[in-house]
Amino acid sequence: MIKFSRQRESIKNNLMGRTDHPTAETVYSDIRQEYPNISLGTVYRNLSLLADLGEIQKISTENGPDRFDGNPKPHYHFFCTNCNSVLDLKMKNIDLINVIAAEEFAGLIEGHITRFYGLCPECKKLLDKSTNSAENKKEKQNQKVSKKIVDI
């Protein structure tokens, strides 16, 4: 049995109260408000322990530090390729993929890891805005050129 720790409980509660999938450093900054003498190493060790116990999820990213999720239940995540945010993806379960994978595999499929990536809603809005702005500028330039041609 693992000994109770107020700091560990605070770390877990911090994660359970958020949806932004923070890094260990972000959790550390938050926890220092309550425990000013806590070390970053203590936060890392407790996050690893909580993940090993299945009480939180540790999410490895391809670029950047690991992220942590207070929701330990299986669910899918979206990774933004622009701002590196990690978001929960609300969708139907796709466990059928395990059955499909097992059809041509002699071993035992126990699960899968699926990553969804692209632009988060905020980054997509920025892209759409800049694309529309660029299209508007081009249209205005074309109108000026057309007007000059007509004037000639």
# chains A, B, ... in the order shown; residues from 1 in each chain; ligands from 1
call {"tool": "select_by_dssp", "arguments": {"residues": "chain A", "states": "strand (DSSP E)", "output": "VMD selection string"}}
result
chain A and resid 57 to 59 67 to 69 76 to 80 86 to 89 115 to 118
call {"tool": "write_last_selection", "arguments": {"atoms": "N, CA, C and O atoms", "output": "mmCIF file, in the first residue's frame"}}
result
data_model
loop_
_atom_site.group_PDB
_atom_site.id
_atom_site.type_symbol
_atom_site.label_atom_id
_atom_site.label_comp_id
_atom_site.auth_asym_id
_atom_site.auth_seq_id
_atom_site.Cartn_x
_atom_site.Cartn_y
_atom_site.Cartn_z
ATOM 1 N N GLN A 57 -3.519 9.927 -16.744
ATOM 2 C CA GLN A 57 -2.855 9.477 -17.968
ATOM 3 C C GLN A 57 -1.631 10.336 -18.246
ATOM 4 O O GLN A 57 -1.678 11.555 -18.092
ATOM 5 N N LYS A 58 -0.566 9.668 -18.652
ATOM 6 C CA LYS A 58 0.630 10.359 -19.135
ATOM 7 C C LYS A 58 0.572 10.286 -20.655
ATOM 8 O O LYS A 58 0.451 9.203 -21.224
ATOM 9 N N ILE A 59 0.645 11.430 -21.290
ATOM 10 C CA ILE A 59 0.526 11.498 -22.746
ATOM 11 C C ILE A 59 1.869 11.927 -23.322
ATOM 12 O O ILE A 59 2.306 13.060 -23.114
ATOM 13 N N ARG A 67 2.589 15.344 -21.467
ATOM 14 C CA ARG A 67 1.417 16.031 -20.923
ATOM 15 C C ARG A 67 0.697 15.072 -19.995
ATOM 16 O O ARG A 67 0.894 13.855 -20.074
ATOM 17 N N PHE A 68 -0.165 15.603 -19.149
ATOM 18 C CA PHE A 68 -0.864 14.782 -18.181
ATOM 19 C C PHE A 68 -2.352 15.084 -18.215
ATOM 20 O O PHE A 68 -2.762 16.222 -18.410
ATOM 21 N N ASP A 69 -3.149 14.022 -18.041
ATOM 22 C CA ASP A 69 -4.596 14.115 -18.129
ATOM 23 C C ASP A 69 -5.197 13.529 -16.857
ATOM 24 O O ASP A 69 -4.900 12.386 -16.503
ATOM 25 N N TYR A 76 -9.768 9.467 -26.636
ATOM 26 C CA TYR A 76 -8.834 9.874 -27.677
ATOM 27 C C TYR A 76 -8.410 11.323 -27.509
ATOM 28 O O TYR A 76 -9.130 12.135 -26.948
ATOM 29 N N HIS A 77 -7.217 11.607 -28.025
ATOM 30 C CA HIS A 77 -6.654 12.946 -27.936
ATOM 31 C C HIS A 77 -6.321 13.490 -29.321
ATOM 32 O O HIS A 77 -6.004 12.734 -30.244
ATOM 33 N N PHE A 78 -6.378 14.805 -29.423
ATOM 34 C CA PHE A 78 -6.027 15.523 -30.639
ATOM 35 C C PHE A 78 -4.787 16.360 -30.340
ATOM 36 O O PHE A 78 -4.723 17.029 -29.315
ATOM 37 N N PHE A 79 -3.809 16.323 -31.232
ATOM 38 C CA PHE A 79 -2.557 17.066 -31.079
ATOM 39 C C PHE A 79 -2.493 18.145 -32.155
ATOM 40 O O PHE A 79 -2.542 17.834 -33.342
ATOM 41 N N CYS A 80 -2.401 19.399 -31.743
ATOM 42 C CA CYS A 80 -2.306 20.503 -32.702
ATOM 43 C C CYS A 80 -0.865 20.600 -33.200
ATOM 44 O O CYS A 80 0.068 20.707 -32.406
ATOM 45 N N VAL A 86 -2.873 19.858 -26.625
ATOM 46 C CA VAL A 86 -3.435 18.513 -26.611
ATOM 47 C C VAL A 86 -4.866 18.651 -26.106
ATOM 48 O O VAL A 86 -5.099 19.226 -25.042
ATOM 49 N N LEU A 87 -5.819 18.152 -26.880
ATOM 50 C CA LEU A 87 -7.232 18.294 -26.552
ATOM 51 C C LEU A 87 -7.914 16.933 -26.499
ATOM 52 O O LEU A 87 -7.533 16.026 -27.241
ATOM 53 N N ASP A 88 -8.929 16.809 -25.637
ATOM 54 C CA ASP A 88 -9.758 15.611 -25.649
ATOM 55 C C ASP A 88 -10.606 15.635 -26.904
ATOM 56 O O ASP A 88 -11.103 16.682 -27.317
ATOM 57 N N LEU A 89 -10.774 14.474 -27.502
ATOM 58 C CA LEU A 89 -11.604 14.354 -28.684
ATOM 59 C C LEU A 89 -12.866 13.600 -28.291
ATOM 60 O O LEU A 89 -12.775 12.454 -27.855
ATOM 61 N N ARG A 115 -3.619 8.433 -32.619
ATOM 62 C CA ARG A 115 -3.349 9.867 -32.489
ATOM 63 C C ARG A 115 -4.048 10.601 -33.621
ATOM 64 O O ARG A 115 -3.916 10.235 -34.777
ATOM 65 N N PHE A 116 -4.736 11.627 -33.241
ATOM 66 C CA PHE A 116 -5.340 12.514 -34.231
ATOM 67 C C PHE A 116 -4.573 13.824 -34.171
ATOM 68 O O PHE A 116 -4.237 14.307 -33.089
ATOM 69 N N TYR A 117 -4.258 14.383 -35.316
ATOM 70 C CA TYR A 117 -3.488 15.621 -35.328
ATOM 71 C C TYR A 117 -3.913 16.504 -36.481
ATOM 72 O O TYR A 117 -4.543 16.052 -37.438
ATOM 73 N N GLY A 118 -3.587 17.756 -36.364
ATOM 74 C CA GLY A 118 -3.938 18.769 -37.359
ATOM 75 C C GLY A 118 -3.943 20.122 -36.665
ATOM 76 O O GLY A 118 -3.089 20.379 -35.814
#
call {"tool": "residues_around", "arguments": {"residues": "region 23-29 of chain A", "least_positions_apart": "4", "cutoff": "8 Å", "atoms": "only C-alpha atoms", "output": "number ranges by chain"}}
result
A: 11, 14-15, 33, 39-40, 43-44, 47, 65-68
call {"tool": "residues_around", "arguments": {"residues": "region 96-98 of chain A", "least_positions_apart": "4", "cutoff": "8 Å", "atoms": "only C-alpha atoms", "output": "number ranges by chain"}}
result
A: 102, 109-112
call {"tool": "atom_distance", "arguments": {"atom1": "CA of Ser85 (chain A)", "atom2": "CA of Gly54 (chain A)"}}
result
22.6 Å
call {"tool": "atom_distance", "arguments": {"atom1": "CA of His21 (chain A)", "atom2": "CA of Ala101 (chain A)"}}
result
29.4 Å
call {"tool": "residues_around", "arguments": {"residues": "Asn82 (chain A)", "least_positions_apart": "6", "cutoff": "12 Å", "atoms": "only C-alpha atoms", "output": "ChimeraX atom specification"}}
result
/A:63,117-124,126-127
call {"tool": "atom_distance", "arguments": {"atom1": "CA of Thr42 (chain A)", "atom2": "CA of Arg8 (chain A)"}}
result
8.8 Å
call {"tool": "select_by_dssp", "arguments": {"residues": "chain A", "states": "helix (DSSP H, G or I)", "output": "MDAnalysis selection string"}}
result
chainID A and resid 6:16 24:34 40:52 96:102 121:151
call {"tool": "closest_residue", "arguments": {"among": "A:Lys73, A:Asn46, A:Thr19, A:Asp30", "to": "Lys3 (chain A)", "atoms": "only C-alpha atoms"}}
result
A:Asn46
call {"tool": "residues_around", "arguments": {"residues": "Gly17 (chain A)", "least_positions_apart": "5", "cutoff": "10 Å", "atoms": "only C-alpha atoms", "output": "MDAnalysis selection string"}}
result
chainID A and resid 12 69:71
call {"tool": "closest_residue", "arguments": {"among": "A:Glu135, A:Ser130, A:Arg32, A:His75", "to": "Met91 (chain A)", "atoms": "only C-alpha atoms"}}
result
A:His75
call {"tool": "decode", "arguments": {"residues": "region 49-64 of chain A", "atoms": "all heavy atoms", "output": "PDB file, in the first residue's frame"}}
result
ATOM      1  N   LEU A  49       4.029   8.238 -10.620  1.00  0.00           N
ATOM      2  CA  LEU A  49       3.364   7.266  -9.753  1.00  0.00           C
ATOM      3  C   LEU A  49       1.868   7.234 -10.029  1.00  0.00           C
ATOM      4  O   LEU A  49       1.271   6.151 -10.170  1.00  0.00           O
ATOM      5  CB  LEU A  49       3.630   7.602  -8.279  1.00  0.00           C
ATOM      6  CG  LEU A  49       2.943   6.692  -7.253  1.00  0.00           C
ATOM      7  CD1 LEU A  49       3.407   5.241  -7.414  1.00  0.00           C
ATOM      8  CD2 LEU A  49       3.211   7.193  -5.844  1.00  0.00           C
ATOM      9  N   LEU A  50       1.232   8.388 -10.128  1.00  0.00           N
ATOM     10  CA  LEU A  50      -0.200   8.448 -10.408  1.00  0.00           C
ATOM     11  C   LEU A  50      -0.527   7.800 -11.758  1.00  0.00           C
ATOM     12  O   LEU A  50      -1.538   7.110 -11.887  1.00  0.00           O
ATOM     13  CB  LEU A  50      -0.692   9.897 -10.373  1.00  0.00           C
ATOM     14  CG  LEU A  50      -0.764  10.548  -8.993  1.00  0.00           C
ATOM     15  CD1 LEU A  50      -0.948  12.054  -9.118  1.00  0.00           C
ATOM     16  CD2 LEU A  50      -1.878   9.929  -8.154  1.00  0.00           C
ATOM     17  N   ALA A  51       0.343   8.010 -12.739  1.00  0.00           N
ATOM     18  CA  ALA A  51       0.139   7.385 -14.050  1.00  0.00           C
ATOM     19  C   ALA A  51       0.310   5.871 -13.942  1.00  0.00           C
ATOM     20  O   ALA A  51      -0.494   5.108 -14.498  1.00  0.00           O
ATOM     21  CB  ALA A  51       1.104   7.975 -15.074  1.00  0.00           C
ATOM     22  N   ASP A  52       1.330   5.427 -13.225  1.00  0.00           N
ATOM     23  CA  ASP A  52       1.558   3.977 -13.039  1.00  0.00           C
ATOM     24  C   ASP A  52       0.385   3.321 -12.312  1.00  0.00           C
ATOM     25  O   ASP A  52       0.050   2.169 -12.591  1.00  0.00           O
ATOM     26  CB  ASP A  52       2.848   3.720 -12.268  1.00  0.00           C
ATOM     27  CG  ASP A  52       4.101   4.051 -13.057  1.00  0.00           C
ATOM     28  OD1 ASP A  52       4.005   4.219 -14.301  1.00  0.00           O
ATOM     29  OD2 ASP A  52       5.183   4.159 -12.435  1.00  0.00           O
ATOM     30  N   LEU A  53      -0.231   4.037 -11.384  1.00  0.00           N
ATOM     31  CA  LEU A  53      -1.378   3.519 -10.639  1.00  0.00           C
ATOM     32  C   LEU A  53      -2.675   3.568 -11.453  1.00  0.00           C
ATOM     33  O   LEU A  53      -3.704   3.052 -11.028  1.00  0.00           O
ATOM     34  CB  LEU A  53      -1.571   4.317  -9.342  1.00  0.00           C
ATOM     35  CG  LEU A  53      -0.474   4.189  -8.288  1.00  0.00           C
ATOM     36  CD1 LEU A  53      -0.706   5.181  -7.154  1.00  0.00           C
ATOM     37  CD2 LEU A  53      -0.413   2.758  -7.752  1.00  0.00           C
ATOM     38  N   GLY A  54      -2.630   4.224 -12.614  1.00  0.00           N
ATOM     39  CA  GLY A  54      -3.815   4.337 -13.466  1.00  0.00           C
ATOM     40  C   GLY A  54      -4.794   5.401 -13.010  1.00  0.00           C
ATOM     41  O   GLY A  54      -5.942   5.411 -13.435  1.00  0.00           O
ATOM     42  N   GLU A  55      -4.331   6.320 -12.160  1.00  0.00           N
ATOM     43  CA  GLU A  55      -5.215   7.372 -11.662  1.00  0.00           C
ATOM     44  C   GLU A  55      -5.230   8.596 -12.568  1.00  0.00           C
ATOM     45  O   GLU A  55      -6.135   9.431 -12.481  1.00  0.00           O
ATOM     46  CB  GLU A  55      -4.815   7.758 -10.241  1.00  0.00           C
ATOM     47  CG  GLU A  55      -5.037   6.621  -9.258  1.00  0.00           C
ATOM     48  CD  GLU A  55      -4.751   7.007  -7.823  1.00  0.00           C
ATOM     49  OE1 GLU A  55      -4.877   8.203  -7.483  1.00  0.00           O
ATOM     50  OE2 GLU A  55      -4.408   6.102  -7.038  1.00  0.00           O
ATOM     51  N   ILE A  56      -4.220   8.745 -13.403  1.00  0.00           N
ATOM     52  CA  ILE A  56      -4.142   9.800 -14.412  1.00  0.00           C
ATOM     53  C   ILE A  56      -3.532   9.180 -15.665  1.00  0.00           C
ATOM     54  O   ILE A  56      -3.071   8.032 -15.638  1.00  0.00           O
ATOM     55  CB  ILE A  56      -3.281  11.004 -13.955  1.00  0.00           C
ATOM     56  CG1 ILE A  56      -1.812  10.594 -13.782  1.00  0.00           C
ATOM     57  CG2 ILE A  56      -3.858  11.641 -12.708  1.00  0.00           C
ATOM     58  CD1 ILE A  56      -0.849  11.763 -13.585  1.00  0.00           C
ATOM     59  N   GLN A  57      -3.519   9.927 -16.744  1.00  0.00           N
ATOM     60  CA  GLN A  57      -2.855   9.477 -17.968  1.00  0.00           C
ATOM     61  C   GLN A  57      -1.631  10.336 -18.246  1.00  0.00           C
ATOM     62  O   GLN A  57      -1.678  11.555 -18.092  1.00  0.00           O
ATOM     63  CB  GLN A  57      -3.787   9.610 -19.181  1.00  0.00           C
ATOM     64  CG  GLN A  57      -4.847   8.569 -19.274  1.00  0.00           C
ATOM     65  CD  GLN A  57      -5.561   8.659 -20.609  1.00  0.00           C
ATOM     66  OE1 GLN A  57      -4.942   8.759 -21.658  1.00  0.00           O
ATOM     67  NE2 GLN A  57      -6.884   8.639 -20.567  1.00  0.00           N
ATOM     68  N   LYS A  58      -0.566   9.668 -18.652  1.00  0.00           N
ATOM     69  CA  LYS A  58       0.630  10.359 -19.135  1.00  0.00           C
ATOM     70  C   LYS A  58       0.572  10.286 -20.655  1.00  0.00           C
ATOM     71  O   LYS A  58       0.451   9.203 -21.224  1.00  0.00           O
ATOM     72  CB  LYS A  58       1.886   9.661 -18.611  1.00  0.00           C
ATOM     73  CG  LYS A  58       3.173  10.290 -19.063  1.00  0.00           C
ATOM     74  CD  LYS A  58       4.345   9.516 -18.468  1.00  0.00           C
ATOM     75  CE  LYS A  58       5.666  10.092 -18.892  1.00  0.00           C
ATOM     76  NZ  LYS A  58       6.784   9.342 -18.276  1.00  0.00           N
ATOM     77  N   ILE A  59       0.645  11.430 -21.290  1.00  0.00           N
ATOM     78  CA  ILE A  59       0.526  11.498 -22.746  1.00  0.00           C
ATOM     79  C   ILE A  59       1.869  11.927 -23.322  1.00  0.00           C
ATOM     80  O   ILE A  59       2.306  13.060 -23.114  1.00  0.00           O
ATOM     81  CB  ILE A  59      -0.567  12.507 -23.172  1.00  0.00           C
ATOM     82  CG1 ILE A  59      -1.906  12.145 -22.515  1.00  0.00           C
ATOM     83  CG2 ILE A  59      -0.688  12.562 -24.676  1.00  0.00           C
ATOM     84  CD1 ILE A  59      -2.924  13.258 -22.601  1.00  0.00           C
ATOM     85  N   SER A  60       2.510  11.025 -24.020  1.00  0.00           N
ATOM     86  CA  SER A  60       3.781  11.360 -24.668  1.00  0.00           C
ATOM     87  C   SER A  60       3.494  12.085 -25.974  1.00  0.00           C
ATOM     88  O   SER A  60       2.607  11.694 -26.730  1.00  0.00           O
ATOM     89  CB  SER A  60       4.582  10.087 -24.950  1.00  0.00           C
ATOM     90  OG  SER A  60       4.918   9.471 -23.734  1.00  0.00           O
ATOM     91  N   THR A  61       4.240  13.150 -26.209  1.00  0.00           N
ATOM     92  CA  THR A  61       4.070  13.919 -27.431  1.00  0.00           C
ATOM     93  C   THR A  61       5.303  13.727 -28.311  1.00  0.00           C
ATOM     94  O   THR A  61       6.366  13.370 -27.823  1.00  0.00           O
ATOM     95  CB  THR A  61       3.887  15.418 -27.122  1.00  0.00           C
ATOM     96  OG1 THR A  61       5.057  15.896 -26.475  1.00  0.00           O
ATOM     97  CG2 THR A  61       2.685  15.652 -26.231  1.00  0.00           C
ATOM     98  N   GLU A  62       5.137  13.939 -29.588  1.00  0.00           N
ATOM     99  CA  GLU A  62       6.258  13.780 -30.515  1.00  0.00           C
ATOM    100  C   GLU A  62       7.241  14.935 -30.399  1.00  0.00           C
ATOM    101  O   GLU A  62       8.426  14.773 -30.615  1.00  0.00           O
ATOM    102  CB  GLU A  62       5.742  13.653 -31.944  1.00  0.00           C
ATOM    103  CG  GLU A  62       5.013  12.339 -32.166  1.00  0.00           C
ATOM    104  CD  GLU A  62       4.481  12.199 -33.573  1.00  0.00           C
ATOM    105  OE1 GLU A  62       4.820  13.024 -34.449  1.00  0.00           O
ATOM    106  OE2 GLU A  62       3.716  11.257 -33.801  1.00  0.00           O
ATOM    107  N   ASN A  63       6.734  16.095 -30.085  1.00  0.00           N
ATOM    108  CA  ASN A  63       7.613  17.255 -29.910  1.00  0.00           C
ATOM    109  C   ASN A  63       7.191  18.005 -28.657  1.00  0.00           C
ATOM    110  O   ASN A  63       6.071  18.441 -28.536  1.00  0.00           O
ATOM    111  CB  ASN A  63       7.587  18.174 -31.139  1.00  0.00           C
ATOM    112  CG  ASN A  63       6.183  18.520 -31.571  1.00  0.00           C
ATOM    113  OD1 ASN A  63       5.217  18.006 -31.044  1.00  0.00           O
ATOM    114  ND2 ASN A  63       6.057  19.400 -32.537  1.00  0.00           N
ATOM    115  N   GLY A  64       8.100  18.073 -27.726  1.00  0.00           N
ATOM    116  CA  GLY A  64       7.801  18.756 -26.476  1.00  0.00           C
ATOM    117  C   GLY A  64       7.660  17.782 -25.328  1.00  0.00           C
ATOM    118  O   GLY A  64       7.735  16.566 -25.502  1.00  0.00           O
TER     119      GLY A  64
END
